[in-house]
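The block underneath contains the structure these notes are about, expressed in structure tokens.
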Amino acid sequence: MSFPQAEIVCHNGRLVTAAQAQVPVFHPALYGAYGIYESIQVASGVIFHLEEHLARLAGSAAILEMTLPHDRAQIASWIPALLAASQLQSCLLRLFVLGANGGAEGDSFIWAQSLPIYQAQFYSEGAGAVTFEGERALPQAKSLNTLVNFLARRQAQRQGEHEGLLQSRGTIKEGSSSNLFVVRDGRLLTPPPEEVLAGVTADIVLALAAREGIEVVAAPLAESEICAWDEAFLTSTSRHIMPLVRINGQPIGDGRPGPITQHLSRCFEGNFQAAIAAQTPADG
């Protein structure tokens, strides 16, 4: 996983230059991946579902038996100053929390970077993916152990596709940086929650599906049954809902974004815009 260089970083509540935001070479985050992270979207200065992201951060820390060096309220209080210093009204916040280093407490780092820009055709025509043998370590924790994710994404890029899907024991779990949803016979299928990382965007999609009367089923997604899928899509903080139309070159359904995918995408974008508008101060 690579990140564009930021000029300003919030380190334990203090704004420092990127050069000052350093981690010792012997830190357990480097040789043991002892840390957790979140990616949070900011639009027009409004932080989208911050509390949900911070709650997941705390949940990841609990799974790693890692004490958060700063509580959620503290972390949230640092973000406005960082955004002001970064001069970014729409961006992606990267939040990294590293576990304790010997006798020293852990560290919290936050920086802002430009949102990734995806090809418009990924939404109008759909994106492709490849499968990669492997699964996330401690899948319910968003830990720094992302080697398998990196390798899956690299394989997808080498094959000219957008995303790498982690598959293990014949079932597809999730994307390298996304959650996977499948539509089959009008029902929305998602992998068992204990096998994948819960997504804030995915949780919103599940709530929207319930609102729209779409049945949701948590069940293993067998790679051998891709031919029976009617639709599929990816979700993530930066992607929102992205149609998935082929895996390993095999079309999903008719190879085009399906009606349920498009309907949920419209619902999500409406929800997103309403949430941003509700928190944007009125002029004057």
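Chains: A, B, ... in order of the structure tokens. Residues: from 1 per chain. Ligands: from 1, in order shown.
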Quick one: residues within 6 Å of region 211-220 of chain A, only C-alpha atoms counted, chain neighbours fewer than 5 positions away excluded, as number ranges by chain?
A: 187-192
Applying 9 Å and only C-alpha atoms, which residues near region 170-178 of chain A remain after dropping the ones on its own chain fewer than 4 positions away? List them as an mmCIF file with N, CA, C and O atoms, in the first residue's frame.
data_model
loop_
_atom_site.group_PDB
_atom_site.id
_atom_site.type_symbol
_atom_site.label_atom_id
_atom_site.label_comp_id
_atom_site.auth_asym_id
_atom_site.auth_seq_id
_atom_site.Cartn_x
_atom_site.Cartn_y
_atom_site.Cartn_z
ATOM 1 N N ALA A 129 -11.808 -7.624 -12.122
ATOM 2 C CA ALA A 129 -10.975 -8.055 -11.002
ATOM 3 C C ALA A 129 -10.378 -9.416 -11.314
ATOM 4 O O ALA A 129 -10.823 -10.123 -12.229
ATOM 5 N N THR A 131 -8.726 -12.979 -9.067
ATOM 6 C CA THR A 131 -8.644 -13.581 -7.737
ATOM 7 C C THR A 131 -7.186 -13.838 -7.371
ATOM 8 O O THR A 131 -6.324 -14.024 -8.236
ATOM 9 N N GLU A 135 -5.814 -14.671 2.349
ATOM 10 C CA GLU A 135 -6.830 -13.949 3.094
ATOM 11 C C GLU A 135 -6.168 -13.068 4.131
ATOM 12 O O GLU A 135 -5.029 -13.301 4.537
ATOM 13 N N ARG A 136 -6.890 -12.054 4.535
ATOM 14 C CA ARG A 136 -6.378 -11.080 5.493
ATOM 15 C C ARG A 136 -6.104 -11.759 6.840
ATOM 16 O O ARG A 136 -6.896 -12.575 7.315
ATOM 17 N N THR A 146 -0.882 -5.934 5.692
ATOM 18 C CA THR A 146 -1.604 -5.865 4.420
ATOM 19 C C THR A 146 -0.789 -6.429 3.259
ATOM 20 O O THR A 146 -1.010 -6.059 2.105
ATOM 21 N N VAL A 148 -0.786 -9.463 1.889
ATOM 22 C CA VAL A 148 -1.594 -10.200 0.921
ATOM 23 C C VAL A 148 -2.441 -9.248 0.081
ATOM 24 O O VAL A 148 -2.659 -9.473 -1.113
ATOM 25 N N ASN A 149 -2.890 -8.154 0.678
ATOM 26 C CA ASN A 149 -3.660 -7.149 -0.062
ATOM 27 C C ASN A 149 -2.794 -6.511 -1.150
ATOM 28 O O ASN A 149 -3.234 -6.328 -2.292
ATOM 29 N N PHE A 150 -1.566 -6.177 -0.770
ATOM 30 C CA PHE A 150 -0.630 -5.583 -1.725
ATOM 31 C C PHE A 150 -0.370 -6.518 -2.898
ATOM 32 O O PHE A 150 -0.392 -6.118 -4.058
ATOM 33 N N LEU A 151 -0.140 -7.801 -2.599
ATOM 34 C CA LEU A 151 0.155 -8.764 -3.653
ATOM 35 C C LEU A 151 -1.052 -8.976 -4.571
ATOM 36 O O LEU A 151 -0.897 -9.124 -5.788
ATOM 37 N N ALA A 152 -2.247 -8.987 -3.980
ATOM 38 C CA ALA A 152 -3.460 -9.153 -4.794
ATOM 39 C C ALA A 152 -3.656 -7.959 -5.717
ATOM 40 O O ALA A 152 -3.996 -8.107 -6.902
ATOM 41 N N ARG A 153 -3.440 -6.764 -5.186
ATOM 42 C CA ARG A 153 -3.598 -5.549 -5.999
ATOM 43 C C ARG A 153 -2.553 -5.515 -7.115
ATOM 44 O O ARG A 153 -2.852 -5.148 -8.251
ATOM 45 N N GLU A 163 -9.091 -4.504 -9.499
ATOM 46 C CA GLU A 163 -9.009 -4.961 -8.116
ATOM 47 C C GLU A 163 -8.587 -6.425 -8.033
ATOM 48 O O GLU A 163 -8.857 -7.217 -8.952
ATOM 49 N N GLY A 164 -7.915 -6.759 -6.941
ATOM 50 C CA GLY A 164 -7.583 -8.138 -6.641
ATOM 51 C C GLY A 164 -8.498 -8.640 -5.539
ATOM 52 O O GLY A 164 -8.662 -7.971 -4.517
ATOM 53 N N LEU A 165 -9.121 -9.785 -5.752
ATOM 54 C CA LEU A 165 -10.050 -10.355 -4.780
ATOM 55 C C LEU A 165 -9.364 -11.491 -4.033
ATOM 56 O O LEU A 165 -8.822 -12.415 -4.650
ATOM 57 N N LEU A 166 -9.396 -11.446 -2.717
ATOM 58 C CA LEU A 166 -8.792 -12.485 -1.903
ATOM 59 C C LEU A 166 -9.707 -13.700 -1.866
ATOM 60 O O LEU A 166 -10.895 -13.586 -1.536
ATOM 61 N N THR A 190 -23.433 -11.411 0.668
ATOM 62 C CA THR A 190 -22.194 -10.869 1.196
ATOM 63 C C THR A 190 -21.518 -11.961 2.018
ATOM 64 O O THR A 190 -22.204 -12.801 2.621
ATOM 65 N N PRO A 191 -20.186 -12.028 2.042
ATOM 66 C CA PRO A 191 -19.515 -13.085 2.799
ATOM 67 C C PRO A 191 -19.862 -13.040 4.283
ATOM 68 O O PRO A 191 -20.250 -11.985 4.805
ATOM 69 N N PRO A 192 -19.735 -14.155 4.989
ATOM 70 C CA PRO A 192 -19.984 -14.168 6.436
ATOM 71 C C PRO A 192 -19.153 -13.090 7.131
ATOM 72 O O PRO A 192 -17.958 -12.936 6.834
ATOM 73 N N GLU A 195 -15.542 -13.477 8.441
ATOM 74 C CA GLU A 195 -14.473 -13.823 7.509
ATOM 75 C C GLU A 195 -13.862 -12.620 6.802
ATOM 76 O O GLU A 195 -12.882 -12.776 6.063
ATOM 77 N N VAL A 196 -14.435 -11.440 6.984
ATOM 78 C CA VAL A 196 -13.960 -10.267 6.252
ATOM 79 C C VAL A 196 -13.913 -9.055 7.174
ATOM 80 O O VAL A 196 -14.487 -9.055 8.266
ATOM 81 N N LEU A 197 -13.229 -8.031 6.692
ATOM 82 C CA LEU A 197 -13.201 -6.762 7.410
ATOM 83 C C LEU A 197 -14.509 -6.019 7.169
ATOM 84 O O LEU A 197 -14.906 -5.805 6.020
ATOM 85 N N GLY A 199 -16.878 -3.032 6.575
ATOM 86 C CA GLY A 199 -16.636 -1.740 5.942
ATOM 87 C C GLY A 199 -17.683 -0.730 6.357
ATOM 88 O O GLY A 199 -18.870 -1.058 6.438
ATOM 89 N N ALA A 202 -19.766 -0.415 3.396
ATOM 90 C CA ALA A 202 -20.560 -1.635 3.269
ATOM 91 C C ALA A 202 -21.732 -1.641 4.244
ATOM 92 O O ALA A 202 -22.842 -2.068 3.902
ATOM 93 N N PRO A 220 -21.055 -17.871 2.170
ATOM 94 C CA PRO A 220 -19.804 -17.972 1.409
ATOM 95 C C PRO A 220 -20.055 -17.753 -0.084
ATOM 96 O O PRO A 220 -21.054 -18.218 -0.630
ATOM 97 N N LEU A 221 -19.132 -17.048 -0.725
ATOM 98 C CA LEU A 221 -19.241 -16.780 -2.159
ATOM 99 C C LEU A 221 -18.264 -17.704 -2.887
ATOM 100 O O LEU A 221 -17.069 -17.431 -2.985
ATOM 101 N N ALA A 222 -18.791 -18.816 -3.376
ATOM 102 C CA ALA A 222 -17.945 -19.810 -4.038
ATOM 103 C C ALA A 222 -17.461 -19.295 -5.385
ATOM 104 O O ALA A 222 -18.252 -18.811 -6.204
ATOM 105 N N GLU A 223 -16.146 -19.416 -5.615
ATOM 106 C CA GLU A 223 -15.597 -18.977 -6.894
ATOM 107 C C GLU A 223 -16.192 -19.780 -8.046
ATOM 108 O O GLU A 223 -16.387 -19.256 -9.146
ATOM 109 N N SER A 224 -16.530 -21.029 -7.799
ATOM 110 C CA SER A 224 -17.081 -21.887 -8.844
ATOM 111 C C SER A 224 -18.480 -21.461 -9.280
ATOM 112 O O SER A 224 -18.982 -21.919 -10.308
ATOM 113 N N LEU A 234 -18.284 -3.571 -5.837
ATOM 114 C CA LEU A 234 -17.312 -3.327 -4.778
ATOM 115 C C LEU A 234 -17.731 -2.086 -4.000
ATOM 116 O O LEU A 234 -18.331 -1.173 -4.572
ATOM 117 N N THR A 235 -17.397 -2.053 -2.722
ATOM 118 C CA THR A 235 -17.626 -0.847 -1.928
ATOM 119 C C THR A 235 -16.359 -0.509 -1.158
ATOM 120 O O THR A 235 -15.606 -1.389 -0.744
ATOM 121 N N SER A 236 -16.129 0.782 -0.982
ATOM 122 C CA SER A 236 -15.026 1.259 -0.141
ATOM 123 C C SER A 236 -15.235 2.746 0.095
ATOM 124 O O SER A 236 -16.084 3.382 -0.552
ATOM 125 N N THR A 237 -14.431 3.308 0.997
ATOM 126 C CA THR A 237 -14.551 4.731 1.329
ATOM 127 C C THR A 237 -14.426 5.613 0.095
ATOM 128 O O THR A 237 -15.216 6.533 -0.106
ATOM 129 N N ARG A 239 -14.321 4.499 -3.263
ATOM 130 C CA ARG A 239 -15.068 4.043 -4.435
ATOM 131 C C ARG A 239 -16.565 4.296 -4.302
ATOM 132 O O ARG A 239 -17.262 4.419 -5.287
#
Counting only C-alpha atoms, what is within 9 Å of Gly59 (chain A), bar same-chain residues fewer than 4 positions away, as a VMD selection string?
chain A and resid 54 to 55 63 to 64 140 to 142
Taking only region 123-283 of chain A into account, list the residues labelled helix (DSSP H, G or I) by DSSP (computed from the backbone), as a PyMOL selection string.
chain A and resi 123-124+147-158+193-195+200-211+223-228+259-279
Name the residues of region 52-94 of chain A that fall into strand (DSSP E or B) according to DSSP on the backbone, using the chain letters and numbers of this document, as a PyMOL selection string.
chain A and resi 91-94
Could you please determine the separation between CA of Cys267 (chain A) and CA of Ile47 (chain A) in Å, to one decimal place?
19.2 Å
Please tabulate, as JSON lines, the residues of region 210-282 of chain A that come within 12 Å of region 154-157 of chain A, each with its closest pair of atoms and the distance in Å to one decimal, counting only C-alpha atoms and ordering rows by chain, then residue number upward.
{"residue": "A:Ile247", "atom": "CA", "partner": "A:Ala156", "partner_atom": "CA", "distance": 10.2}
{"residue": "A:Asn248", "atom": "CA", "partner": "A:Ala156", "partner_atom": "CA", "distance": 9.3}
{"residue": "A:Gly249", "atom": "CA", "partner": "A:Ala156", "partner_atom": "CA", "distance": 11.4}
Can you tell me how far CA of Asp107 (chain A) sits from CA of His240 (chain A), in Å to one decimal?
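Separation of CA of Asp107 (chain A) and CA of His240 (chain A): 29.4 Å.
You can rank A:Val245, A:Ile40, A:Cys227, A:Gly102 by their closest distance to Gly128 (chain A) using only C-alpha atoms, and at the top of that list sits A:Val245.
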Could you give me, as a tab-separated table (two decimals) with N, CA, C and O atoms, in the first residue's frame, the residues within 12 Å of Ile252 (chain A), counting only C-alpha atoms and dropping anything in the same chain fewer than 4 positions from it?
chain	number	residue	atom	x	y	z
A	126	GLY	N	-18.48	-0.67	-15.71
A	126	GLY	CA	-18.08	-1.68	-14.75
A	126	GLY	C	-16.59	-1.96	-14.78
A	126	GLY	O	-15.92	-1.73	-15.79
A	127	ALA	N	-16.07	-2.43	-13.66
A	127	ALA	CA	-14.65	-2.73	-13.52
A	127	ALA	C	-14.43	-4.24	-13.53
A	127	ALA	O	-15.36	-5.03	-13.40
A	128	GLY	N	-13.16	-4.63	-13.68
A	128	GLY	CA	-12.79	-6.04	-13.66
A	128	GLY	C	-11.89	-6.34	-12.48
A	128	GLY	O	-11.27	-5.45	-11.89
A	129	ALA	N	-11.81	-7.62	-12.12
A	129	ALA	CA	-10.97	-8.05	-11.00
A	129	ALA	C	-10.38	-9.42	-11.31
A	129	ALA	O	-10.82	-10.12	-12.23
A	182	VAL	N	-22.62	-9.44	-4.03
A	182	VAL	CA	-23.10	-10.19	-5.19
A	182	VAL	C	-24.63	-10.16	-5.20
A	182	VAL	O	-25.26	-10.22	-4.13
A	183	VAL	N	-25.21	-10.03	-6.38
A	183	VAL	CA	-26.67	-10.12	-6.53
A	183	VAL	C	-26.98	-11.43	-7.25
A	183	VAL	O	-26.41	-11.73	-8.31
A	184	ARG	N	-27.87	-12.21	-6.65
A	184	ARG	CA	-28.28	-13.48	-7.26
A	184	ARG	C	-29.76	-13.70	-6.96
A	184	ARG	O	-30.17	-13.68	-5.78
A	223	GLU	N	-16.15	-19.42	-5.61
A	223	GLU	CA	-15.60	-18.98	-6.89
A	223	GLU	C	-16.19	-19.78	-8.05
A	223	GLU	O	-16.39	-19.26	-9.15
A	225	GLU	N	-19.13	-20.58	-8.50
A	225	GLU	CA	-20.49	-20.17	-8.82
A	225	GLU	C	-20.58	-18.78	-9.44
A	225	GLU	O	-21.67	-18.21	-9.56
A	226	ILE	N	-19.44	-18.21	-9.82
A	226	ILE	CA	-19.46	-16.88	-10.45
A	226	ILE	C	-20.40	-16.86	-11.65
A	226	ILE	O	-21.10	-15.87	-11.90
A	227	CYS	N	-20.45	-17.97	-12.38
A	227	CYS	CA	-21.30	-18.04	-13.57
A	227	CYS	C	-22.78	-17.87	-13.23
A	227	CYS	O	-23.58	-17.54	-14.12
A	228	ALA	N	-23.16	-18.10	-11.97
A	228	ALA	CA	-24.55	-17.98	-11.56
A	228	ALA	C	-24.88	-16.61	-10.96
A	228	ALA	O	-26.04	-16.34	-10.64
A	229	TRP	N	-23.86	-15.76	-10.81
A	229	TRP	CA	-24.11	-14.43	-10.26
A	229	TRP	C	-24.79	-13.56	-11.32
A	229	TRP	O	-24.44	-13.61	-12.50
A	230	ASP	N	-25.74	-12.75	-10.90
A	230	ASP	CA	-26.40	-11.82	-11.81
A	230	ASP	C	-25.69	-10.47	-11.86
A	230	ASP	O	-25.64	-9.83	-12.92
A	231	GLU	N	-25.17	-10.05	-10.71
A	231	GLU	CA	-24.48	-8.77	-10.61
A	231	GLU	C	-23.45	-8.88	-9.49
A	231	GLU	O	-23.52	-9.79	-8.66
A	232	ALA	N	-22.54	-7.92	-9.47
A	232	ALA	CA	-21.60	-7.81	-8.36
A	232	ALA	C	-21.11	-6.37	-8.29
A	232	ALA	O	-21.13	-5.64	-9.30
A	233	PHE	N	-20.69	-5.96	-7.11
A	233	PHE	CA	-20.11	-4.62	-6.98
A	233	PHE	C	-19.16	-4.57	-5.79
A	233	PHE	O	-19.21	-5.42	-4.89
A	243	PRO	N	-19.55	-0.89	-9.82
A	243	PRO	CA	-19.98	-2.15	-10.44
A	243	PRO	C	-18.79	-3.03	-10.82
A	243	PRO	O	-17.77	-2.54	-11.30
A	244	LEU	N	-18.93	-4.33	-10.60
A	244	LEU	CA	-17.92	-5.30	-10.99
A	244	LEU	C	-18.53	-6.20	-12.05
A	244	LEU	O	-19.57	-6.82	-11.81
A	245	VAL	N	-17.94	-6.25	-13.23
A	245	VAL	CA	-18.58	-6.96	-14.35
A	245	VAL	C	-17.82	-8.18	-14.85
A	245	VAL	O	-18.31	-8.90	-15.71
A	246	ARG	N	-16.63	-8.43	-14.32
A	246	ARG	CA	-15.91	-9.64	-14.71
A	246	ARG	C	-14.87	-9.99	-13.64
A	246	ARG	O	-14.34	-9.11	-12.96
A	247	ILE	N	-14.62	-11.28	-13.52
A	247	ILE	CA	-13.59	-11.79	-12.62
A	247	ILE	C	-12.77	-12.83	-13.39
A	247	ILE	O	-13.34	-13.75	-13.98
A	248	ASN	N	-11.47	-12.64	-13.40
A	248	ASN	CA	-10.58	-13.53	-14.17
A	248	ASN	C	-11.03	-13.65	-15.63
A	248	ASN	O	-10.93	-14.72	-16.24
A	256	ARG	N	-22.54	-6.30	-17.73
A	256	ARG	CA	-22.80	-4.87	-17.58
A	256	ARG	C	-23.30	-4.59	-16.16
A	256	ARG	O	-23.81	-5.49	-15.50
A	257	PRO	N	-23.17	-3.34	-15.68
A	257	PRO	CA	-23.72	-3.01	-14.36
A	257	PRO	C	-25.20	-3.34	-14.30
A	257	PRO	O	-25.96	-3.00	-15.21
A	258	GLY	N	-25.62	-4.04	-13.25
A	258	GLY	CA	-27.00	-4.50	-13.15
A	258	GLY	C	-27.93	-3.52	-12.48
A	258	GLY	O	-27.49	-2.53	-11.86
